[in-house]
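Raw model.cif, mmCIF, C-alpha atoms:
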```
data_start
loop_
_atom_site.label_atom_id
_atom_site.label_comp_id
_atom_site.auth_asym_id
_atom_site.auth_seq_id
_atom_site.Cartn_x
_atom_site.Cartn_y
_atom_site.Cartn_z
CA MET C 1 -148.55 44.71 7.20
CA GLY C 2 -148.85 47.36 9.91
CA SER C 3 -150.98 47.00 13.01
CA LYS C 4 -154.54 48.31 12.86
CA ALA C 5 -154.46 49.11 16.56
CA LYS C 6 -154.60 52.86 17.10
CA LEU C 7 -152.83 54.95 19.68
CA SER C 8 -154.94 56.90 22.14
CA LYS C 9 -156.21 60.22 20.74
CA ARG C 10 -155.94 61.75 24.22
CA ALA C 11 -152.30 60.68 24.53
CA LEU C 12 -151.43 61.81 21.00
CA GLU C 13 -152.90 65.27 21.66
CA THR C 14 -150.89 65.64 24.87
CA ASP C 15 -147.64 67.57 24.46
CA THR C 16 -144.37 65.74 25.02
CA PRO C 17 -143.28 66.66 28.57
CA VAL C 18 -140.88 69.58 28.42
CA MET C 19 -138.42 67.92 30.81
CA VAL C 20 -138.16 64.93 28.48
CA GLN C 21 -137.12 67.33 25.72
CA ILE C 22 -134.73 69.17 28.03
CA GLN C 23 -133.10 65.96 29.23
CA LYS C 24 -132.54 64.93 25.61
CA LEU C 25 -130.90 68.32 24.96
CA MET C 26 -128.66 67.92 27.98
CA ARG C 27 -127.50 64.48 26.89
CA GLY C 28 -126.15 66.08 23.73
CA ALA C 29 -124.34 68.92 25.52
CA LYS C 30 -121.09 68.39 27.38
CA ASP C 31 -121.00 69.68 30.97
CA ALA C 32 -124.31 71.57 30.71
CA ILE C 33 -125.57 73.06 33.99
CA SER C 34 -129.32 72.98 34.58
CA LEU C 35 -131.44 75.90 35.74
CA ALA C 36 -134.42 74.08 34.26
CA GLN C 37 -136.19 71.52 36.41
CA GLY C 38 -138.09 72.67 39.49
CA VAL C 39 -136.06 70.83 42.13
CA VAL C 40 -134.13 71.73 45.27
CA TYR C 41 -130.50 70.87 45.93
CA TRP C 42 -131.02 69.28 49.36
CA GLN C 43 -131.90 65.76 50.41
CA PRO C 44 -134.46 64.89 53.09
CA PRO C 45 -133.47 65.51 56.73
CA GLU C 46 -130.62 63.27 57.82
CA GLN C 47 -132.48 62.21 60.97
CA ALA C 48 -135.46 61.11 58.88
CA LEU C 49 -133.31 59.16 56.42
CA GLU C 50 -131.57 57.38 59.28
CA LYS C 51 -134.91 56.32 60.76
CA VAL C 52 -136.10 54.69 57.52
CA GLN C 53 -132.82 52.93 56.69
CA GLY C 54 -133.71 49.80 58.59
CA LEU C 55 -137.33 49.72 57.49
CA VAL C 56 -136.63 47.85 54.25
CA TRP C 57 -136.77 44.59 56.24
CA GLU C 58 -140.15 45.35 57.80
CA PRO C 59 -142.83 43.25 55.99
CA SER C 60 -145.42 46.05 55.94
CA ILE C 61 -143.13 48.21 53.78
CA SER C 62 -143.52 45.80 50.86
CA LYS C 63 -147.29 45.49 51.10
CA TYR C 64 -150.10 47.74 50.02
CA GLY C 65 -151.16 50.28 52.57
CA ALA C 66 -154.50 51.97 53.14
CA ASP C 67 -155.55 53.83 49.98
CA GLU C 68 -155.95 57.08 51.91
CA GLY C 69 -152.49 56.82 53.50
CA LEU C 70 -150.86 55.73 56.75
CA PRO C 71 -153.13 56.72 59.67
CA GLU C 72 -150.26 58.18 61.70
CA LEU C 73 -149.09 60.34 58.78
CA ARG C 74 -152.62 61.56 58.08
CA GLN C 75 -153.05 62.51 61.75
CA ALA C 76 -149.71 64.33 61.79
CA LEU C 77 -150.77 66.25 58.70
CA ILE C 78 -154.16 67.19 60.17
CA GLU C 79 -152.25 68.71 63.10
CA LYS C 80 -149.78 70.43 60.76
CA LEU C 81 -152.60 71.91 58.66
CA GLN C 82 -154.30 73.29 61.76
CA ARG C 83 -151.08 74.64 63.26
CA GLU C 84 -149.37 76.07 60.18
CA ASN C 85 -152.09 76.63 57.56
CA ASN C 86 -155.15 77.48 59.66
CA LEU C 87 -157.14 74.72 57.94
CA ASN C 88 -159.46 73.26 60.55
CA LYS C 89 -162.30 71.65 58.61
CA VAL C 90 -160.43 69.35 56.28
CA ALA C 91 -159.69 65.67 55.87
CA VAL C 92 -156.48 64.36 54.31
CA MET C 93 -155.55 61.82 51.66
CA ILE C 94 -151.89 60.94 50.95
CA THR C 95 -151.00 60.86 47.26
CA ALA C 96 -148.05 59.79 45.12
CA GLY C 97 -146.79 63.32 44.64
CA ALA C 98 -149.02 66.28 43.76
CA ASN C 99 -149.81 65.50 40.10
CA GLN C 100 -152.71 63.06 40.38
CA MET C 101 -155.39 65.01 38.48
CA THR C 102 -157.36 63.01 35.96
CA GLY C 103 -160.12 63.32 33.37
CA ILE C 104 -159.58 67.04 32.70
CA THR C 105 -160.59 68.36 29.28
CA ASP C 106 -161.02 71.81 27.69
CA ILE C 107 -158.33 73.60 29.70
CA LEU C 108 -158.40 77.41 29.72
CA VAL C 109 -155.23 79.26 30.71
CA GLY C 110 -156.11 82.63 32.20
CA PRO C 111 -154.09 85.80 31.70
CA THR C 112 -152.09 87.50 34.43
CA ASP C 113 -151.40 91.11 35.34
CA SER C 114 -148.37 92.16 33.29
CA LYS C 115 -146.74 93.89 36.27
CA THR C 116 -147.50 91.54 39.18
CA LEU C 117 -148.03 88.25 37.29
CA GLN C 118 -151.04 87.70 39.56
CA PRO C 119 -154.25 86.19 38.11
CA ASP C 120 -156.53 88.53 36.18
CA ILE C 121 -159.60 88.65 38.45
CA GLU C 122 -161.77 90.38 35.82
CA TRP C 123 -161.03 87.64 33.29
CA LEU C 124 -161.93 85.02 35.89
CA GLU C 125 -165.23 86.75 36.65
CA ARG C 126 -166.13 86.88 32.94
CA THR C 127 -165.13 83.27 32.42
CA LEU C 128 -167.18 82.05 35.39
CA SER C 129 -170.24 83.88 34.06
CA GLN C 130 -170.17 81.92 30.79
CA ASP C 131 -172.37 78.99 29.91
CA PRO C 132 -171.36 76.31 30.60
CA VAL C 133 -169.63 77.34 33.82
CA PRO C 134 -166.12 75.85 34.20
CA LYS C 135 -166.16 73.03 36.72
CA LEU C 136 -162.85 73.84 38.32
CA VAL C 137 -160.41 76.73 38.77
CA THR C 138 -156.88 76.02 39.89
CA VAL C 139 -153.90 78.17 40.87
CA VAL C 140 -150.41 77.53 42.20
CA ASN C 141 -149.45 79.82 45.09
CA PRO C 142 -146.68 80.92 45.01
CA GLY C 143 -146.58 80.27 41.31
CA ASN C 144 -144.99 77.97 38.84
CA PRO C 145 -143.67 79.05 36.31
CA SER C 146 -143.56 82.64 37.51
CA GLY C 147 -142.64 82.56 41.19
CA ALA C 148 -145.38 85.18 41.71
CA TYR C 149 -147.29 85.32 45.00
CA ILE C 150 -151.08 85.57 45.28
CA PRO C 151 -151.92 87.58 48.43
CA LYS C 152 -154.74 86.39 50.65
CA PRO C 153 -157.27 89.13 49.65
CA LEU C 154 -156.94 88.14 45.97
CA LEU C 155 -157.16 84.45 46.86
CA LEU C 156 -160.40 85.16 48.75
CA LYS C 157 -161.84 87.08 45.79
CA MET C 158 -161.10 84.17 43.47
CA SER C 159 -162.65 81.77 45.95
CA ASP C 160 -165.79 83.89 46.25
CA LEU C 161 -166.23 84.00 42.45
CA CYS C 162 -165.86 80.22 42.27
CA LYS C 163 -168.36 79.66 45.08
CA ARG C 164 -171.00 81.89 43.49
CA ALA C 165 -170.53 80.16 40.13
CA GLY C 166 -170.64 76.65 41.61
CA ALA C 167 -167.04 75.82 40.62
CA TRP C 168 -164.40 74.02 42.63
CA PHE C 169 -161.35 76.06 43.64
CA VAL C 170 -158.15 73.99 43.78
CA VAL C 171 -155.07 75.66 45.27
CA ASP C 172 -151.65 74.06 44.86
CA ASN C 173 -149.50 74.99 47.87
CA THR C 174 -146.41 73.01 46.87
CA TYR C 175 -144.20 76.04 47.54
CA GLU C 176 -145.80 77.09 50.82
CA TYR C 177 -142.43 77.48 52.59
CA PHE C 178 -140.73 79.19 49.65
CA MET C 179 -141.46 82.81 50.49
CA TYR C 180 -139.04 85.74 50.46
CA ASP C 181 -138.76 89.41 51.37
CA GLY C 182 -141.08 89.16 54.37
CA LEU C 183 -144.06 87.75 52.45
CA LYS C 184 -146.26 85.20 54.23
CA HIS C 185 -148.07 82.28 52.64
CA SER C 186 -151.79 81.88 53.36
CA CYS C 187 -154.32 79.09 52.90
CA ILE C 188 -158.09 79.42 52.83
CA GLU C 189 -160.84 76.86 53.31
CA ASP C 190 -164.50 76.36 52.40
CA ASP C 191 -166.74 73.59 51.13
CA HIS C 192 -165.71 74.25 47.52
CA ILE C 193 -161.94 74.51 48.16
CA VAL C 194 -159.38 71.74 47.79
CA ASN C 195 -155.80 72.42 48.92
CA ILE C 196 -152.90 70.44 47.51
CA PHE C 197 -149.51 70.05 49.21
CA SER C 198 -146.28 68.19 48.49
CA PHE C 199 -143.20 66.91 50.31
CA SER C 200 -141.15 67.01 47.10
CA LYS C 201 -139.67 70.50 47.28
CA ALA C 202 -139.88 71.37 50.97
CA TYR C 203 -138.17 68.24 52.27
CA GLY C 204 -136.13 67.39 49.17
CA MET C 205 -138.26 64.30 48.49
CA MET C 206 -138.72 64.69 44.72
CA GLY C 207 -138.02 61.05 43.93
CA TRP C 208 -139.90 59.67 46.94
CA ARG C 209 -143.25 60.87 45.49
CA VAL C 210 -145.41 61.94 48.43
CA GLY C 211 -148.05 64.65 48.42
CA TYR C 212 -151.41 65.15 50.08
CA ILE C 213 -154.86 66.59 49.48
CA ALA C 214 -156.70 68.58 52.15
CA TYR C 215 -160.37 68.43 51.17
CA PRO C 216 -163.55 69.70 52.88
CA GLU C 217 -164.70 67.03 55.31
CA ALA C 218 -168.28 68.36 55.27
CA VAL C 219 -168.87 67.50 51.59
CA ASP C 220 -170.77 64.20 51.43
CA GLY C 221 -169.22 61.61 49.16
CA PHE C 222 -166.02 63.52 48.41
CA ALA C 223 -163.75 61.00 50.14
CA ALA C 224 -165.46 58.06 48.44
CA GLN C 225 -164.82 59.53 45.01
CA LEU C 226 -161.19 60.28 45.85
CA LEU C 227 -160.73 56.66 46.93
CA LYS C 228 -161.99 55.45 43.53
CA ILE C 229 -159.35 57.50 41.74
CA GLN C 230 -156.62 56.60 44.21
CA ASP C 231 -157.26 52.86 44.09
CA ASN C 232 -157.34 52.78 40.29
CA ILE C 233 -154.16 54.80 39.72
CA PRO C 234 -151.45 54.36 42.39
CA ILE C 235 -153.48 52.33 44.98
CA CYS C 236 -151.39 54.06 47.64
CA ALA C 237 -148.29 56.18 47.93
CA SER C 238 -145.08 54.23 48.57
CA ILE C 239 -145.13 53.01 52.18
CA ILE C 240 -141.45 53.69 52.89
CA SER C 241 -141.88 57.15 51.35
CA GLN C 242 -144.78 57.85 53.70
CA ARG C 243 -142.62 56.79 56.64
CA LEU C 244 -139.90 59.20 55.50
CA ALA C 245 -142.52 61.95 55.18
CA LEU C 246 -143.69 61.31 58.74
CA HIS C 247 -140.16 61.49 60.15
CA SER C 248 -139.45 64.63 58.09
CA LEU C 249 -142.47 66.30 59.65
CA GLU C 250 -140.96 65.55 63.06
CA VAL C 251 -137.93 67.67 62.11
CA GLY C 252 -140.27 70.57 61.43
CA PRO C 253 -140.68 73.54 59.08
CA GLU C 254 -137.75 75.47 60.54
CA TRP C 255 -135.43 72.95 58.84
CA VAL C 256 -137.05 73.78 55.50
CA GLN C 257 -137.15 77.53 56.03
CA GLU C 258 -133.44 77.67 56.82
CA ARG C 259 -132.64 76.08 53.47
CA VAL C 260 -135.14 78.20 51.58
CA GLN C 261 -133.53 81.40 52.86
CA ASN C 262 -130.21 80.14 51.53
CA LEU C 263 -131.72 80.35 48.04
CA ILE C 264 -131.92 84.14 48.17
CA LYS C 265 -128.29 84.43 47.05
CA ASN C 266 -129.06 82.16 44.08
CA ARG C 267 -132.02 84.33 43.17
CA GLU C 268 -129.88 87.48 43.27
CA MET C 269 -127.21 85.95 41.04
CA LEU C 270 -129.76 84.88 38.45
CA VAL C 271 -131.59 88.21 38.46
CA GLN C 272 -128.23 89.75 37.56
CA ALA C 273 -127.63 87.07 34.92
CA LEU C 274 -130.96 87.97 33.27
CA ALA C 275 -130.18 91.71 33.38
CA PRO C 276 -129.18 91.88 29.66
CA LEU C 277 -132.88 91.35 28.84
CA GLY C 278 -133.77 94.55 30.69
CA GLU C 279 -134.82 94.97 34.31
CA GLU C 280 -138.47 95.49 33.34
CA ASN C 281 -138.51 92.10 31.58
CA VAL C 282 -137.43 90.02 34.59
CA LYS C 283 -140.22 89.25 37.05
CA GLY C 284 -141.32 86.73 39.66
CA GLY C 285 -139.18 85.25 42.38
CA GLU C 286 -141.41 86.53 45.23
CA GLY C 287 -141.95 82.92 46.13
CA ALA C 288 -141.30 79.40 44.84
CA ILE C 289 -137.97 78.90 43.01
CA TYR C 290 -138.56 80.62 39.67
CA LEU C 291 -137.84 83.76 37.69
CA TRP C 292 -139.85 84.62 34.57
CA ALA C 293 -138.06 86.55 31.84
CA LYS C 294 -139.34 88.03 28.58
CA LEU C 295 -137.24 87.60 25.46
CA PRO C 296 -136.89 90.44 22.94
CA GLU C 297 -139.54 90.55 20.18
CA GLU C 298 -136.97 89.55 17.55
CA PHE C 299 -136.58 86.16 19.28
CA PRO C 300 -140.15 84.82 19.46
CA ASP C 301 -139.12 81.15 19.34
CA ASP C 302 -138.19 80.46 22.96
CA TYR C 303 -137.42 76.79 22.23
CA GLU C 304 -134.83 77.90 19.69
CA VAL C 305 -133.23 80.25 22.24
CA VAL C 306 -133.14 77.46 24.83
CA ARG C 307 -131.50 75.06 22.38
CA TRP C 308 -128.92 77.71 21.49
CA LEU C 309 -128.11 78.44 25.14
CA VAL C 310 -127.54 74.74 25.75
CA LYS C 311 -125.43 74.18 22.66
CA LYS C 312 -123.38 77.38 22.74
CA HIS C 313 -123.22 78.29 26.43
CA HIS C 314 -123.89 74.99 28.23
CA VAL C 315 -126.66 76.32 30.46
CA VAL C 316 -130.22 75.02 30.49
CA VAL C 317 -133.48 76.87 31.14
CA ILE C 318 -137.14 76.13 30.35
CA PRO C 319 -138.94 77.68 27.36
CA GLY C 320 -141.98 79.68 28.43
CA SER C 321 -144.07 78.01 25.72
CA ALA C 322 -144.11 74.86 27.85
CA SER C 323 -146.15 76.82 30.41
CA GLY C 324 -148.36 78.69 27.96
CA GLY C 325 -146.04 81.73 27.80
CA PRO C 326 -144.33 81.81 24.39
CA GLY C 327 -141.49 84.29 24.16
CA TYR C 328 -140.43 83.83 27.79
CA LEU C 329 -137.88 81.81 29.76
CA ARG C 330 -138.38 80.13 33.13
CA VAL C 331 -135.27 79.98 35.29
CA SER C 332 -135.13 77.85 38.46
CA PHE C 333 -132.86 78.97 41.30
CA GLY C 334 -133.54 76.01 43.61
CA GLY C 335 -131.58 73.11 42.21
CA LEU C 336 -127.97 74.22 42.63
CA LYS C 337 -125.71 74.95 45.54
CA GLU C 338 -124.35 78.50 45.58
CA ALA C 339 -120.99 77.74 43.90
CA ASP C 340 -122.60 75.84 41.03
CA CYS C 341 -125.29 78.49 40.67
CA GLU C 342 -122.56 81.12 40.31
CA VAL C 343 -121.11 79.21 37.34
CA ALA C 344 -124.55 78.77 35.77
CA ALA C 345 -125.34 82.47 36.25
CA TYR C 346 -122.08 83.46 34.56
CA ARG C 347 -122.87 81.26 31.55
CA LEU C 348 -126.43 82.51 31.31
CA LYS C 349 -125.43 86.17 31.48
CA LYS C 350 -122.70 85.67 28.89
CA GLY C 351 -125.18 83.93 26.60
CA LEU C 352 -127.84 86.61 26.93
CA GLU C 353 -125.31 89.40 26.38
CA GLU C 354 -124.28 87.69 23.16
CA LEU C 355 -127.90 87.15 22.18
CA MET C 356 -128.71 90.83 22.61
CA LYS C 357 -125.59 92.00 20.77
CA ASP C 358 -125.10 89.53 17.92
CA GLY C 359 -128.09 87.18 17.96
CA MET C 360 -127.80 83.41 18.03
CA VAL C 361 -124.35 83.04 16.51
CA GLU C 362 -123.22 79.41 16.30
#
```
Spell out the structure here as structure tokens.
Amino acid sequence: MGSKAKLSKRALETDTPVMVQIQKLMRGAKDAISLAQGVVYWQPPEQALEKVQGLVWEPSISKYGADEGLPELRQALIEKLQRENNLNKVAVMITAGANQMTGITDILVGPTDSKTLQPDIEWLERTLSQDPVPKLVTVVNPGNPSGAYIPKPLLLKMSDLCKRAGAWFVVDNTYEYFMYDGLKHSCIEDDHIVNIFSFSKAYGMMGWRVGYIAYPEAVDGFAAQLLKIQDNIPICASIISQRLALHSLEVGPEWVQERVQNLIKNREMLVQALAPLGEENVKGGEGAIYLWAKLPEEFPDDYEVVRWLVKKHHVVVIPGSASGGPGYLRVSFGGLKEADCEVAAYRLKKGLEELMKDGMVE
């Protein structure tokens, strides 16, 4: 007799993570090269890794830390936010990565401008005038999955609409250092704005799981509510990871920017690899580590195209459907060194040329 216990409706209605599906695909494909996951090819700074090597024996590393994070790391981040991001009226909480949002329901995915991939400000204004008013608006800048950049004037317009409507404005700045072609990243602050940051991409700390929230210090009770969530989910970010984050900050943003600029060659190779789809159908890449490419109308099932590329051409990309963009592909140019990226680009271009000429021939 089967169990009468039921699985969570909320969990059942949540899509299977796309990377779980991609990893399963890769296990079945010999020598597949990944342009899928949003990672960088570098490890944390060598100096920082050397400083934490001996810390495993320190008793405090194995204990819980303060829920809000190590005091010295929080102070270093306050100084960084003032110096680099012009955020002067914020407090900081350290998180286990930048994915700790909870309790969200009724998600609306807004459209973007077809040419720039920037948020549709008119749609946002209409949406924020509805009843009930959305509680929260969030953007990633520069973007994931598109790699598109939201300039400061547009960011300010979005913020102003949120403030007038009484909605929170949450900006994910994970890719703050990943800017190209002379573009500059900007942050804004106000009592309704929460800025999110991460060490994962910038300092190659994906597996160490450290991020941080910069929230308005003037809002009464905000910190207390954050502490409730923090204590009931991770309690605190890993202590040794926070130490590594602190020592990585000491190396400084120049270390990151040098590596980010090395990705430009990868981006160029993959833009060329996507060329069979048509120049007008390849966008993004202004920031972050992504290109966003539209498939021809006769291939609407992007998951099917991804599976075919893995099986036939041993190269892996992300289906746009996983990000609310069916009929598109997301290609990451951050995870491979130049030589490996060159091989992946060759495979991808060969696959897309075949797709355009003959379709998905097995």
Any idea what's packed within 12 Å of Gly143 in chain C, counting only C-alpha atoms, ignoring anything in its chain fewer than 6 positions away? Could you give it as a PyMOL selection string?
chain C and resi 38+112+116-119+149-151+171-176+178-179+185+283-292+323+330
Might you spell out which residues the PyMOL selection byres ((chain C and resi 88) around 12) would select in the displayed file, as a VMD selection string?
chain C and resid 77 to 87 89 to 92 187 to 191 214 to 218
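Counting all atoms listed in the file and comparing C:Glu342, C:Asp231, C:Asp302, C:Glu46, the residue that lies closest to His247 in chain C is C:Glu46.
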May I have the residues within 10 Å of Trp123 in chain C as JSON, numbers by chain, using all atoms listed in the file and disregarding those fewer than 3 positions away in the same chain?
{"C": [110, 111, 112, 119, 120, 126, 127, 128, 129]}
Specify as a PyMOL selection string each residue included when the PyMOL selection byres ((chain C and resi 356) around 12) is applied to this file.
chain C and resi 274-278+295-299+305+349-355+357-361
Residue IDs satisfying the PyMOL selection byres ((chain C and resi 197) around 7), as a ChimeraX atom specification
/C:98,172-174,195-196,198,211-213
Save range 218-229 of chain C of the structure in the block above to a file, with N, CA, C and O atoms included, as a PDB file, in the first residue's frame.
```pdb
ATOM      1  N   ALA C 218      18.136  53.058   6.843  1.00  0.00           N
ATOM      2  CA  ALA C 218      17.137  53.943   7.460  1.00  0.00           C
ATOM      3  C   ALA C 218      15.776  53.290   7.638  1.00  0.00           C
ATOM      4  O   ALA C 218      14.917  53.833   8.332  1.00  0.00           O
ATOM      5  N   VAL C 219      15.558  52.125   7.028  1.00  0.00           N
ATOM      6  CA  VAL C 219      14.243  51.476   7.104  1.00  0.00           C
ATOM      7  C   VAL C 219      14.150  50.679   8.403  1.00  0.00           C
ATOM      8  O   VAL C 219      14.858  49.680   8.591  1.00  0.00           O
ATOM      9  N   ASP C 220      13.267  51.122   9.306  1.00  0.00           N
ATOM     10  CA  ASP C 220      13.099  50.466  10.595  1.00  0.00           C
ATOM     11  C   ASP C 220      12.649  49.016  10.418  1.00  0.00           C
ATOM     12  O   ASP C 220      11.723  48.726   9.659  1.00  0.00           O
ATOM     13  N   GLY C 221      13.303  48.121  11.118  1.00  0.00           N
ATOM     14  CA  GLY C 221      12.876  46.730  11.142  1.00  0.00           C
ATOM     15  C   GLY C 221      13.370  45.873   9.998  1.00  0.00           C
ATOM     16  O   GLY C 221      13.168  44.651  10.009  1.00  0.00           O
ATOM     17  N   PHE C 222      14.008  46.475   8.999  1.00  0.00           N
ATOM     18  CA  PHE C 222      14.438  45.685   7.840  1.00  0.00           C
ATOM     19  C   PHE C 222      15.457  44.625   8.256  1.00  0.00           C
ATOM     20  O   PHE C 222      15.340  43.449   7.897  1.00  0.00           O
ATOM     21  N   ALA C 223      16.452  45.038   9.031  1.00  0.00           N
ATOM     22  CA  ALA C 223      17.504  44.105   9.449  1.00  0.00           C
ATOM     23  C   ALA C 223      16.934  42.962  10.279  1.00  0.00           C
ATOM     24  O   ALA C 223      17.345  41.798  10.123  1.00  0.00           O
ATOM     25  N   ALA C 224      15.973  43.274  11.145  1.00  0.00           N
ATOM     26  CA  ALA C 224      15.386  42.243  12.001  1.00  0.00           C
ATOM     27  C   ALA C 224      14.678  41.176  11.180  1.00  0.00           C
ATOM     28  O   ALA C 224      14.736  39.977  11.501  1.00  0.00           O
ATOM     29  N   GLN C 225      14.002  41.603  10.120  1.00  0.00           N
ATOM     30  CA  GLN C 225      13.310  40.629   9.273  1.00  0.00           C
ATOM     31  C   GLN C 225      14.295  39.794   8.469  1.00  0.00           C
ATOM     32  O   GLN C 225      14.108  38.589   8.274  1.00  0.00           O
ATOM     33  N   LEU C 226      15.372  40.432   7.994  1.00  0.00           N
ATOM     34  CA  LEU C 226      16.407  39.675   7.290  1.00  0.00           C
ATOM     35  C   LEU C 226      17.020  38.606   8.196  1.00  0.00           C
ATOM     36  O   LEU C 226      17.268  37.479   7.762  1.00  0.00           O
ATOM     37  N   LEU C 227      17.232  38.947   9.447  1.00  0.00           N
ATOM     38  CA  LEU C 227      17.837  37.997  10.385  1.00  0.00           C
ATOM     39  C   LEU C 227      16.943  36.778  10.610  1.00  0.00           C
ATOM     40  O   LEU C 227      17.439  35.662  10.787  1.00  0.00           O
ATOM     41  N   LYS C 228      15.616  36.984  10.581  1.00  0.00           N
ATOM     42  CA  LYS C 228      14.698  35.845  10.722  1.00  0.00           C
ATOM     43  C   LYS C 228      14.894  34.855   9.583  1.00  0.00           C
ATOM     44  O   LYS C 228      14.960  33.638   9.791  1.00  0.00           O
ATOM     45  N   ILE C 229      14.960  35.400   8.371  1.00  0.00           N
ATOM     46  CA  ILE C 229      15.123  34.542   7.193  1.00  0.00           C
ATOM     47  C   ILE C 229      16.486  33.856   7.227  1.00  0.00           C
ATOM     48  O   ILE C 229      16.601  32.644   7.014  1.00  0.00           O
TER      49      ILE C 229
END
```
